[in-house]
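File shown: input-v6.csv (CSV, C-alpha atoms and all ligand atoms).
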```csv
chain,number,residue,atom,x,y,z
M,1,MET,CA,-140.5,-159.8,116.7
M,2,LYS,CA,-136.9,-159.6,117.8
M,3,ASP,CA,-134.6,-156.9,116.5
M,4,LEU,CA,-131.4,-158.2,114.8
M,5,LEU,CA,-129.4,-155.0,115.8
M,6,SER,CA,-129.4,-156.1,119.4
M,7,LEU,CA,-127.4,-159.3,118.6
M,8,THR,CA,-123.7,-159.6,118.6
M,9,GLU,CA,-121.9,-161.2,115.7
M,10,GLU,CA,-121.6,-164.4,117.8
M,11,GLN,CA,-125.3,-164.4,118.5
M,12,LEU,CA,-126.1,-163.9,114.8
M,13,LYS,CA,-123.8,-166.8,114.0
M,14,ASN,CA,-125.8,-169.0,116.4
M,15,LEU,CA,-129.1,-167.8,115.0
M,16,LEU,CA,-128.1,-168.5,111.5
M,17,ALA,CA,-126.5,-171.9,112.5
M,18,ASP,CA,-130.0,-172.8,113.9
M,19,MET,CA,-131.4,-172.0,110.5
M,20,GLY,CA,-128.8,-174.3,108.8
M,21,GLU,CA,-126.7,-171.4,107.4
M,22,LYS,CA,-122.9,-171.1,107.2
M,23,PRO,CA,-121.1,-168.9,109.7
M,24,TYR,CA,-119.9,-166.4,107.0
M,25,ALA,CA,-123.5,-165.4,106.4
M,26,ALA,CA,-123.5,-163.8,109.9
M,27,ARG,CA,-120.7,-161.5,108.9
M,28,GLN,CA,-122.5,-160.6,105.7
M,29,LEU,CA,-125.7,-159.9,107.6
M,30,MET,CA,-123.9,-157.8,110.2
M,31,SER,CA,-122.2,-155.7,107.5
M,32,TRP,CA,-125.7,-154.9,106.0
M,33,LEU,CA,-127.2,-154.1,109.4
M,34,LYS,CA,-124.4,-151.7,110.2
M,35,LYS,CA,-125.3,-149.7,107.1
M,36,GLY,CA,-129.1,-149.7,107.8
M,37,VAL,CA,-129.9,-151.8,104.7
M,38,PRO,CA,-133.3,-153.4,104.6
M,39,PHE,CA,-133.7,-157.2,104.1
M,40,ASP,CA,-134.8,-156.8,100.5
M,41,ASP,CA,-131.5,-155.1,99.5
M,42,MET,CA,-129.2,-157.6,101.3
M,43,THR,CA,-128.3,-159.0,97.9
M,44,ASN,CA,-125.6,-161.5,98.9
M,45,LEU,CA,-128.0,-163.3,101.2
M,46,SER,CA,-130.2,-165.9,99.6
M,47,LYS,CA,-133.9,-165.1,99.2
M,48,GLY,CA,-134.7,-168.1,101.4
M,49,LEU,CA,-132.6,-166.8,104.3
M,50,ARG,CA,-134.1,-163.4,104.0
M,51,GLU,CA,-137.6,-164.9,104.2
M,52,LYS,CA,-136.6,-167.0,107.2
M,53,LEU,CA,-135.2,-164.0,109.0
M,54,ARG,CA,-138.3,-161.9,108.3
M,55,ARG,CA,-140.5,-164.5,110.0
M,56,ASP,CA,-139.4,-163.7,113.6
M,57,HIS,CA,-137.2,-160.7,113.2
M,58,THR,CA,-137.0,-157.1,112.1
M,59,GLU,CA,-133.8,-155.4,111.2
M,60,GLY,CA,-134.5,-153.0,114.1
M,61,TYR,CA,-134.0,-149.8,112.2
M,62,ALA,CA,-135.4,-146.4,113.4
M,63,LYS,CA,-137.3,-144.1,111.1
M,64,ILE,CA,-136.7,-140.3,111.0
M,65,ASN,CA,-139.9,-138.7,112.0
M,66,GLU,CA,-138.6,-135.2,112.1
M,67,LYS,CA,-135.3,-133.4,111.6
M,68,ARG,CA,-134.4,-129.9,112.5
M,69,VAL,CA,-131.2,-128.1,111.7
M,70,SER,CA,-129.9,-125.2,113.9
M,71,THR,CA,-128.2,-122.2,112.6
M,72,ASP,CA,-125.1,-123.4,114.5
M,73,GLY,CA,-125.2,-126.7,112.5
M,74,THR,CA,-126.6,-128.9,115.3
M,75,GLU,CA,-129.1,-131.4,114.0
M,76,LYS,CA,-131.9,-132.7,116.1
M,77,TYR,CA,-133.8,-135.9,115.2
M,78,LEU,CA,-137.1,-137.2,116.4
M,79,LEU,CA,-136.9,-141.0,115.7
M,80,ALA,CA,-139.7,-143.6,115.6
M,81,ILE,CA,-138.0,-146.6,117.3
M,82,SER,CA,-138.6,-150.1,116.0
M,83,GLY,CA,-140.2,-151.4,119.2
M,84,GLY,CA,-142.6,-148.4,119.4
M,85,GLY,CA,-142.3,-144.8,120.7
M,86,LEU,CA,-140.4,-141.7,119.8
M,87,VAL,CA,-137.0,-140.7,121.0
M,88,GLU,CA,-134.7,-137.8,120.3
M,89,CYS,CA,-131.0,-137.7,119.3
M,90,VAL,CA,-128.8,-134.8,118.6
M,91,LEU,CA,-125.9,-134.5,116.3
M,92,MET,CA,-123.4,-131.8,117.3
M,93,ARG,CA,-120.7,-130.5,115.0
M,94,TYR,CA,-117.4,-129.8,116.7
M,95,HIS,CA,-114.0,-129.1,115.2
M,96,HIS,CA,-112.7,-132.5,116.4
M,97,GLY,CA,-115.6,-134.3,114.7
M,98,ASP,CA,-119.3,-135.0,115.0
M,99,THR,CA,-120.7,-136.0,118.4
M,100,LEU,CA,-124.0,-137.9,118.6
M,101,CYS,CA,-126.1,-137.7,121.8
M,102,VAL,CA,-128.4,-140.8,122.0
M,103,SER,CA,-131.4,-141.6,124.2
M,104,THR,CA,-131.4,-144.8,126.2
M,105,GLN,CA,-135.0,-144.9,127.3
M,106,VAL,CA,-138.4,-143.6,126.1
M,107,GLY,CA,-139.1,-141.1,128.9
M,108,CYS,CA,-137.3,-141.4,132.2
M,109,ARG,CA,-138.3,-142.1,135.8
M,110,MET,CA,-135.7,-140.0,137.5
M,111,GLY,CA,-137.9,-136.9,137.5
M,112,CYS,CA,-135.2,-134.2,137.5
M,113,VAL,CA,-137.4,-131.0,137.8
M,114,PHE,CA,-135.8,-129.1,134.9
M,115,CYS,CA,-135.8,-131.9,132.4
M,116,ALA,CA,-138.4,-132.3,129.7
M,117,SER,CA,-137.6,-136.0,129.1
M,118,GLY,CA,-138.7,-137.1,132.5
M,119,LYS,CA,-141.9,-135.0,132.6
M,120,HIS,CA,-144.2,-138.0,131.9
M,121,GLY,CA,-142.1,-140.7,133.6
M,122,LEU,CA,-140.6,-143.8,132.1
M,123,VAL,CA,-142.4,-145.5,129.2
M,124,ARG,CA,-139.8,-148.2,128.6
M,125,SER,CA,-136.1,-148.9,128.2
M,126,LEU,CA,-134.6,-149.2,124.8
M,127,SER,CA,-132.8,-152.4,123.7
M,128,ALA,CA,-129.2,-152.2,122.7
M,129,GLY,CA,-130.3,-152.6,119.1
M,130,GLU,CA,-132.7,-149.6,119.3
M,131,MET,CA,-129.8,-147.5,120.6
M,132,ARG,CA,-127.7,-148.7,117.7
M,133,SER,CA,-130.6,-147.8,115.4
M,134,GLU,CA,-130.3,-144.1,116.5
M,135,PHE,CA,-126.6,-144.2,115.6
M,136,ILE,CA,-127.3,-145.8,112.2
M,137,ALA,CA,-130.2,-143.5,111.3
M,138,VAL,CA,-128.1,-140.4,111.8
M,139,ASN,CA,-124.6,-141.5,110.9
M,140,LYS,CA,-125.4,-142.0,107.2
M,141,ASP,CA,-122.3,-140.1,106.1
M,142,GLY,CA,-120.1,-141.9,108.6
M,143,ASN,CA,-118.8,-138.8,110.3
M,144,VAL,CA,-119.8,-139.5,113.9
M,145,SER,CA,-116.6,-140.0,115.9
M,146,ASN,CA,-118.0,-139.5,119.4
M,147,VAL,CA,-121.1,-140.8,121.1
M,148,VAL,CA,-122.6,-139.6,124.4
M,149,LEU,CA,-125.3,-141.5,126.2
M,150,MET,CA,-126.9,-138.3,127.4
M,151,GLY,CA,-130.3,-138.0,125.7
M,152,SER,CA,-133.6,-139.0,127.3
M,153,GLY,CA,-133.3,-141.8,129.9
M,154,GLU,CA,-130.9,-142.7,132.7
M,155,PRO,CA,-128.4,-145.2,131.1
M,156,LEU,CA,-127.6,-146.9,134.4
M,157,ASP,CA,-131.3,-147.6,134.9
M,158,ASN,CA,-131.0,-149.6,131.6
M,159,TYR,CA,-127.6,-151.0,132.5
M,160,ASP,CA,-127.2,-154.2,130.5
M,161,ASN,CA,-128.6,-152.7,127.3
M,162,ALA,CA,-126.5,-149.6,127.6
M,163,VAL,CA,-123.3,-151.7,128.1
M,164,SER,CA,-124.2,-153.9,125.1
M,165,PHE,CA,-124.7,-150.8,123.0
M,166,ILE,CA,-121.4,-149.4,124.0
M,167,ARG,CA,-119.6,-152.6,123.2
M,168,ALA,CA,-121.4,-152.7,119.8
M,169,LEU,CA,-120.4,-149.1,119.1
M,170,ASN,CA,-116.8,-150.1,119.7
M,171,VAL,CA,-116.7,-153.5,118.0
M,172,GLN,CA,-119.2,-153.0,115.1
M,173,HIS,CA,-118.9,-149.3,114.5
M,174,ASP,CA,-115.3,-148.6,115.3
M,175,ILE,CA,-116.0,-145.9,117.9
M,176,GLY,CA,-113.1,-145.9,120.4
M,177,MET,CA,-114.0,-146.4,124.0
M,178,ARG,CA,-112.3,-143.1,124.8
M,179,HIS,CA,-114.7,-141.4,122.4
M,180,ILE,CA,-117.8,-142.6,124.3
M,181,SER,CA,-119.3,-140.9,127.3
M,182,LEU,CA,-122.1,-142.0,129.7
M,183,SER,CA,-124.0,-139.5,131.8
M,184,THR,CA,-125.7,-140.5,135.0
M,185,CYS,CA,-127.7,-138.6,137.6
M,186,GLY,CA,-125.7,-140.6,140.2
M,187,ILE,CA,-126.9,-144.2,140.4
M,188,VAL,CA,-124.1,-145.4,142.8
M,189,PRO,CA,-124.4,-149.2,142.2
M,190,GLY,CA,-124.4,-148.7,138.5
M,191,ILE,CA,-121.2,-146.5,138.6
M,192,LEU,CA,-119.4,-149.2,140.7
M,193,LYS,CA,-120.5,-151.9,138.3
M,194,LEU,CA,-119.4,-149.9,135.3
M,195,ALA,CA,-116.0,-149.4,136.8
M,196,ASP,CA,-115.5,-153.1,136.5
M,197,GLU,CA,-116.5,-153.5,132.9
M,198,GLY,CA,-113.0,-152.9,131.5
M,199,MET,CA,-114.3,-150.1,129.3
M,200,GLN,CA,-112.4,-146.8,129.2
M,201,ILE,CA,-115.4,-144.6,128.6
M,202,THR,CA,-115.8,-141.2,130.2
M,203,LEU,CA,-118.2,-141.0,133.1
M,204,CYS,CA,-120.2,-137.8,133.4
M,205,ILE,CA,-122.1,-137.1,136.6
M,206,SER,CA,-125.0,-134.7,136.7
M,207,LEU,CA,-124.3,-133.1,140.1
M,208,HIS,CA,-125.9,-129.7,139.9
M,209,SER,CA,-125.2,-129.1,143.6
M,210,ALA,CA,-122.8,-130.5,146.2
M,211,ILE,CA,-125.3,-129.7,148.9
M,212,ASP,CA,-127.6,-132.8,149.5
M,213,GLU,CA,-130.6,-130.8,150.6
M,214,LYS,CA,-130.5,-128.6,147.5
M,215,ARG,CA,-129.9,-131.5,145.2
M,216,LYS,CA,-133.0,-133.3,146.6
M,217,LYS,CA,-135.1,-130.3,145.6
M,218,VAL,CA,-134.3,-130.7,141.9
M,219,MET,CA,-133.3,-134.4,141.6
M,220,PRO,CA,-135.4,-137.0,143.4
M,221,VAL,CA,-132.6,-139.6,143.1
M,222,ALA,CA,-130.6,-137.5,145.6
M,223,ALA,CA,-132.8,-139.0,148.3
M,224,ALA,CA,-131.3,-142.4,147.5
M,225,TYR,CA,-127.6,-141.5,147.1
M,226,SER,CA,-125.7,-138.7,148.9
M,227,VAL,CA,-123.2,-136.5,147.1
M,228,ARG,CA,-120.5,-138.1,149.1
M,229,GLN,CA,-121.5,-141.6,148.1
M,230,ILE,CA,-121.7,-140.5,144.4
M,231,LEU,CA,-118.3,-138.9,144.4
M,232,ASP,CA,-116.7,-141.8,146.3
M,233,ALA,CA,-118.0,-144.1,143.5
M,234,ALA,CA,-116.7,-141.6,140.9
M,235,ASN,CA,-113.3,-141.8,142.5
M,236,ILE,CA,-113.3,-145.6,142.3
M,237,TYR,CA,-114.3,-145.3,138.7
M,238,PHE,CA,-111.4,-143.0,138.0
M,239,LYS,CA,-108.9,-145.3,139.8
M,240,LYS,CA,-110.1,-148.4,137.9
M,241,THR,CA,-110.3,-146.8,134.4
M,242,GLY,CA,-107.9,-143.8,134.5
M,243,ARG,CA,-110.6,-141.7,133.0
M,244,ARG,CA,-111.1,-138.2,134.3
M,245,ILE,CA,-114.6,-137.6,135.6
M,246,ILE,CA,-116.8,-134.9,134.1
M,247,ILE,CA,-119.0,-133.1,136.6
M,248,GLU,CA,-122.1,-131.5,135.0
M,249,TYR,CA,-123.4,-128.5,136.9
M,250,THR,CA,-126.5,-126.9,135.5
M,251,LEU,CA,-126.4,-123.3,136.8
M,252,ILE,CA,-129.7,-122.0,138.1
M,253,LYS,CA,-130.3,-118.4,139.1
M,254,ASP,CA,-130.5,-117.8,142.8
M,255,PHE,CA,-130.5,-121.6,143.5
M,256,ASN,CA,-127.0,-123.0,143.1
M,257,ASP,CA,-124.9,-120.0,142.0
M,258,GLY,CA,-123.8,-118.5,145.3
M,259,SER,CA,-120.4,-118.5,147.1
M,260,GLU,CA,-121.5,-121.2,149.5
M,261,ASP,CA,-122.3,-123.4,146.5
M,262,ILE,CA,-118.8,-122.8,145.1
M,263,LEU,CA,-117.1,-123.5,148.4
M,264,THR,CA,-119.1,-126.7,149.0
M,265,LEU,CA,-118.4,-127.9,145.5
M,266,LYS,CA,-114.7,-127.2,145.8
M,267,ASP,CA,-114.5,-129.1,149.1
M,268,ALA,CA,-116.6,-132.0,147.8
M,269,LEU,CA,-114.5,-132.5,144.7
M,270,HIS,CA,-111.2,-132.3,146.6
M,271,GLY,CA,-109.0,-135.2,145.6
M,272,LEU,CA,-111.2,-136.2,142.6
M,273,ASN,CA,-109.6,-136.0,139.2
M,274,CYS,CA,-112.4,-134.2,137.4
M,275,HIS,CA,-113.4,-131.4,135.1
M,276,ILE,CA,-116.6,-129.3,135.8
M,277,ASN,CA,-118.9,-128.4,132.9
M,278,VAL,CA,-121.0,-125.4,133.9
M,279,ILE,CA,-124.2,-125.5,131.9
M,280,PRO,CA,-126.5,-122.5,132.1
M,281,LEU,CA,-130.1,-123.7,132.6
M,282,ASN,CA,-131.5,-123.1,129.1
M,283,ARG,CA,-135.0,-122.0,130.0
M,284,ALA,CA,-137.3,-121.4,133.0
M,285,SER,CA,-138.7,-124.6,134.3
M,286,GLY,CA,-140.6,-125.6,137.5
M,287,GLY,CA,-140.0,-122.2,139.0
M,288,TYR,CA,-136.3,-122.3,138.3
M,289,MET,CA,-134.7,-119.6,136.2
M,290,PRO,CA,-131.7,-119.4,133.8
M,291,PRO,CA,-128.7,-117.4,135.1
M,292,ALA,CA,-128.0,-114.0,133.7
M,293,ALA,CA,-126.0,-113.8,130.4
M,294,LYS,CA,-122.4,-113.7,131.8
M,295,GLN,CA,-123.1,-115.4,135.1
M,296,ALA,CA,-122.0,-118.9,134.0
M,297,HIS,CA,-118.6,-117.7,132.9
M,298,ALA,CA,-118.2,-115.8,136.2
M,299,PHE,CA,-119.1,-118.9,138.1
M,300,ALA,CA,-116.7,-121.1,136.1
M,301,GLU,CA,-114.0,-118.5,136.6
M,302,LYS,CA,-114.5,-118.6,140.4
M,303,LEU,CA,-114.1,-122.4,140.4
M,304,VAL,CA,-110.9,-122.0,138.4
M,305,GLN,CA,-109.6,-119.5,141.0
M,306,ALA,CA,-110.5,-122.0,143.6
M,307,GLY,CA,-108.1,-124.4,141.9
M,308,LYS,CA,-110.7,-126.5,139.9
M,309,SER,CA,-110.7,-127.3,136.2
M,310,ALA,CA,-113.9,-125.8,134.9
M,311,THR,CA,-115.4,-124.4,131.7
M,312,VAL,CA,-118.8,-123.3,130.4
M,313,ARG,CA,-120.4,-125.8,128.0
M,314,ARG,CA,-121.3,-124.1,124.8
M,315,SER,CA,-125.1,-124.2,124.3
M,316,LEU,CA,-125.9,-125.7,120.9
M,317,GLY,CA,-129.2,-126.0,119.0
M,318,SER,CA,-131.1,-123.6,121.2
M,319,ASP,CA,-133.2,-122.5,118.2
M,320,ILE,CA,-134.4,-126.1,117.5
M,321,GLU,CA,-135.5,-127.3,121.0
M,322,GLY,CA,-131.9,-128.6,121.4
M,323,ALA,CA,-132.1,-129.6,125.0
M,324,CYS,CA,-133.0,-133.1,126.0
M,325,GLY,CA,-136.7,-134.0,125.5
M,326,GLN,CA,-137.9,-130.6,124.4
M,327,LEU,CA,-138.8,-131.5,120.8
M,328,LYS,CA,-140.6,-134.7,121.8
M,329,LEU,CA,-142.5,-132.9,124.5
M,330,LYS,CA,-143.5,-130.2,122.0
M,331,ARG,CA,-144.9,-132.9,119.7
M,332,GLU,CA,-146.8,-134.5,122.5
M,333,GLU,CA,-148.0,-131.2,124.0
M,334,PRO,CA,-148.5,-128.9,121.1
Z,401,LIG,S1,-132.0,-135.2,133.4
Z,401,LIG,FE1,-131.5,-137.3,132.7
Z,401,LIG,S2,-131.9,-138.6,134.6
Z,401,LIG,FE2,-132.9,-136.6,134.9
Z,401,LIG,S3,-135.0,-136.9,134.3
Z,401,LIG,FE3,-133.9,-136.0,132.5
Z,401,LIG,S4,-133.2,-137.8,131.3
Z,401,LIG,FE4,-133.8,-138.5,133.4
```
Rewrite the coordinates I just gave you, this time as structure tokens.
Ligand code: SF4
Amino acid sequence: MKDLLSLTEEQLKNLLADMGEKPYAARQLMSWLKKGVPFDDMTNLSKGLREKLRRDHTEGYAKINEKRVSTDGTEKYLLAISGGGLVECVLMRYHHGDTLCVSTQVGCRMGCVFCASGKHGLVRSLSAGEMRSEFIAVNKDGNVSNVVLMGSGEPLDNYDNAVSFIRALNVQHDIGMRHISLSTCGIVPGILKLADEGMQITLCISLHSAIDEKRKKVMPVAAAYSVRQILDAANIYFKKTGRRIIIEYTLIKDFNDGSEDILTLKDALHGLNCHINVIPLNRASGGYMPPAAKQAHAFAEKLVQAGKSATVRRSLGSDIEGACGQLKLKREEP
């Protein structure tokens, strides 16, 4: 069974033309799909067409398996995806609008040591339609104005589907390209390819250390791409898109929080138009410990004093297993 949510309007037109239907039916079908309406309730499509569609296709919707709401308003969803498997997505409430963090794969093969999503490796990549189904399942009230591809999975390891999803968000769901961010652990060929897509999305790089040997200890991908290669690719991305790069730096006690780390980071980022998000590690993992309470702010402050743009990212949803992959892992490993 193929999921209709993965198709563009043009592809829907072709599909319906093959079924002997008029082109306007594609627009009607697309407008139902955007709202998450099941075949049975697509009342302006003929019964015959709905039957034909049902034969080889599903709508592609996700089902909410579990929902948790944090005291800070963050909502975490565990979704059963149409092609099988569970993924998480998180809705964060900010003063400038709601931001939805979506998953791009079931599991992840990048193996970052402090990440729950990658603990059991990659199960499979999501289709563009399955990513859309996360957005549709959660955006029932239509308030989502920003989307980040930052949930489980490495988006650039599922490149074509991630890009199709971004284009669908923009064209079908009216999310501006500048309101979409993609986070990567540093897949250099993917960054360079993305720079040529003509999409003005924000690129976020999970760096966590500017020292290659340290990075290799927590991120196996660092063996394939050096910090220099990643930041050079990020610079090309900035030059082609005009979008400031976001550097994500998970702060880990006694690992990447020293003065040498600050100095190396400052030097590595020299000449790159970027902002650094300092993210305190949210819980002990793989022998790595969270920083002390005020340490993240002190670290960001030192970066600012060194001439960098840096802030501490507010931690949301910590009472509901808010970090990537934690809720799913808890379900699988009670
Ligand atoms: S942090 Fe991201 S890239 Fe690394 S294992 Fe987790 S989901 Fe994959």
- Counting all atoms listed in the file, which of M:Ile211, M:Ala62, M:Val221, M:Leu45 gets nearest to ligand LIG 401 (chain Z)? M:Val221
Distance query Arg132 of chain M at most 8 Å, only C-alpha atoms, self and fewer than 5 positions along chain excluded, as a PDB file with C-alpha atoms, in the coordinates of the input:
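That gives us part39.pdb:
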```pdb
ATOM      1  CA  LEU M   5    -129.400-155.000 115.800  1.00  0.00           C
ATOM      2  CA  SER M   6    -129.400-156.100 119.400  1.00  0.00           C
ATOM      3  CA  PHE M 165    -124.700-150.800 123.000  1.00  0.00           C
ATOM      4  CA  ALA M 168    -121.400-152.700 119.800  1.00  0.00           C
ATOM      5  CA  LEU M 169    -120.400-149.100 119.100  1.00  0.00           C
TER       6      LEU M 169
END
```
- At most 9 Å from ligand LIG 401 (chain Z) (only C-alpha atoms and all ligand atoms): residue list as a PyMOL selection string: chain M and resi 103-105+107-119+121-122+150-155+183-186+206+219-221+324-325
- May I have the residues within 7 Å of Arg68 of chain M as number ranges by chain, using only C-alpha atoms and disregarding those fewer than 2 positions away in the same chain? M: 66, 70, 75-77, 320
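The shortest atom-to-atom distance to Gly97 of chain M, with only C-alpha atoms taken into account, belongs to M:Asn143 out of M:Asn143, M:Glu130, M:His297, M:Gly83.
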Expected answer as a PDB file with C-alpha atoms, keeping the file's coordinate frame: all residues with atoms within 8 Å of (-122.8, -137.7, 120.2), all atoms listed in the file:
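The resulting part-v6.pdb:
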```pdb
ATOM      1  CA  VAL M  90    -128.800-134.800 118.600  1.00  0.00           C
ATOM      2  CA  LEU M  91    -125.900-134.500 116.300  1.00  0.00           C
ATOM      3  CA  MET M  92    -123.400-131.800 117.300  1.00  0.00           C
ATOM      4  CA  ASP M  98    -119.300-135.000 115.000  1.00  0.00           C
ATOM      5  CA  THR M  99    -120.700-136.000 118.400  1.00  0.00           C
ATOM      6  CA  LEU M 100    -124.000-137.900 118.600  1.00  0.00           C
ATOM      7  CA  CYS M 101    -126.100-137.700 121.800  1.00  0.00           C
ATOM      8  CA  VAL M 102    -128.400-140.800 122.000  1.00  0.00           C
ATOM      9  CA  VAL M 144    -119.800-139.500 113.900  1.00  0.00           C
ATOM     10  CA  SER M 145    -116.600-140.000 115.900  1.00  0.00           C
ATOM     11  CA  ASN M 146    -118.000-139.500 119.400  1.00  0.00           C
ATOM     12  CA  VAL M 147    -121.100-140.800 121.100  1.00  0.00           C
ATOM     13  CA  VAL M 148    -122.600-139.600 124.400  1.00  0.00           C
ATOM     14  CA  LEU M 149    -125.300-141.500 126.200  1.00  0.00           C
TER      15      LEU M 149
END
```
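Counting from atom CA of Ile136 of chain M, the distance to atom CA of Ser164 of chain M is 15.5 Å.
With distances taken over all atoms listed in the file, M:Ala195 is the one residue among M:Val37, M:Ala195, M:Val304, M:Glu213 lying closest to Ala233 of chain M.
Picture a line from atom CA of Gly20 of chain M to atom CA of Ser127 of chain M; it runs 26.8 Å.
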- Point-to-point distance from atom CA of Ile191 of chain M to atom CA of Thr311 of chain M, Å rounded to tenths: 23.9 Å
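Among the candidates M:Asp72, M:Glu260, M:Asp160, M:Asp18, the one nearest to Ser315 of chain M when counting only C-alpha atoms is M:Asp72.
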Sorted per-residue table, segment 30-111 of chain M near segment 11-14 of chain M, closest atoms and distance, 12 Å, all atoms listed in the file, as JSON lines:
```
{"residue": "M:Met30", "atom": "CA", "partner": "M:Leu12", "partner_atom": "CA", "distance": 8.0}
{"residue": "M:Ser31", "atom": "CA", "partner": "M:Leu12", "partner_atom": "CA", "distance": 11.7}
{"residue": "M:Leu33", "atom": "CA", "partner": "M:Leu12", "partner_atom": "CA", "distance": 11.2}
{"residue": "M:Leu53", "atom": "CA", "partner": "M:Leu12", "partner_atom": "CA", "distance": 10.8}
{"residue": "M:His57", "atom": "CA", "partner": "M:Leu12", "partner_atom": "CA", "distance": 11.7}
```
- Query: Excluding same-chain residues fewer than 6 positions from segment 238-243 of chain M, what lies within 12 Å of it counting only C-alpha atoms, as a ChimeraX atom specification?
  - Reply: /M:177-182,191-204,231-232,271-275
Using all atoms listed in the file and a cutoff of 10 Å, can you tell me which residues are near (-129.3, -121.5, 136.9) in the file's coordinates, and write them out as a PDB file with C-alpha atoms, in the frame of the given file?
```pdb
ATOM      1  CA  HIS M 208    -125.900-129.700 139.900  1.00  0.00           C
ATOM      2  CA  TYR M 249    -123.400-128.500 136.900  1.00  0.00           C
ATOM      3  CA  THR M 250    -126.500-126.900 135.500  1.00  0.00           C
ATOM      4  CA  LEU M 251    -126.400-123.300 136.800  1.00  0.00           C
ATOM      5  CA  ILE M 252    -129.700-122.000 138.100  1.00  0.00           C
ATOM      6  CA  LYS M 253    -130.300-118.400 139.100  1.00  0.00           C
ATOM      7  CA  ASP M 254    -130.500-117.800 142.800  1.00  0.00           C
ATOM      8  CA  PHE M 255    -130.500-121.600 143.500  1.00  0.00           C
ATOM      9  CA  ASN M 256    -127.000-123.000 143.100  1.00  0.00           C
ATOM     10  CA  ASP M 257    -124.900-120.000 142.000  1.00  0.00           C
ATOM     11  CA  VAL M 278    -121.000-125.400 133.900  1.00  0.00           C
ATOM     12  CA  ILE M 279    -124.200-125.500 131.900  1.00  0.00           C
ATOM     13  CA  PRO M 280    -126.500-122.500 132.100  1.00  0.00           C
ATOM     14  CA  LEU M 281    -130.100-123.700 132.600  1.00  0.00           C
ATOM     15  CA  ASN M 282    -131.500-123.100 129.100  1.00  0.00           C
ATOM     16  CA  ARG M 283    -135.000-122.000 130.000  1.00  0.00           C
ATOM     17  CA  ALA M 284    -137.300-121.400 133.000  1.00  0.00           C
ATOM     18  CA  TYR M 288    -136.300-122.300 138.300  1.00  0.00           C
ATOM     19  CA  MET M 289    -134.700-119.600 136.200  1.00  0.00           C
ATOM     20  CA  PRO M 290    -131.700-119.400 133.800  1.00  0.00           C
ATOM     21  CA  PRO M 291    -128.700-117.400 135.100  1.00  0.00           C
ATOM     22  CA  ALA M 292    -128.000-114.000 133.700  1.00  0.00           C
ATOM     23  CA  GLN M 295    -123.100-115.400 135.100  1.00  0.00           C
ATOM     24  CA  ALA M 296    -122.000-118.900 134.000  1.00  0.00           C
TER      25      ALA M 296
END
```
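Of the listed residues M:Leu15, M:Val218, M:Ile230, M:Val87, the one whose atoms come nearest to Ala268 of chain M is M:Ile230, with distances taken using only C-alpha atoms.
For the choices M:Lys217, M:Arg313, M:Arg55, M:Lys35, the atom-to-atom distance to Ile246 of chain M is smallest for M:Arg313 when using all atoms listed in the file.
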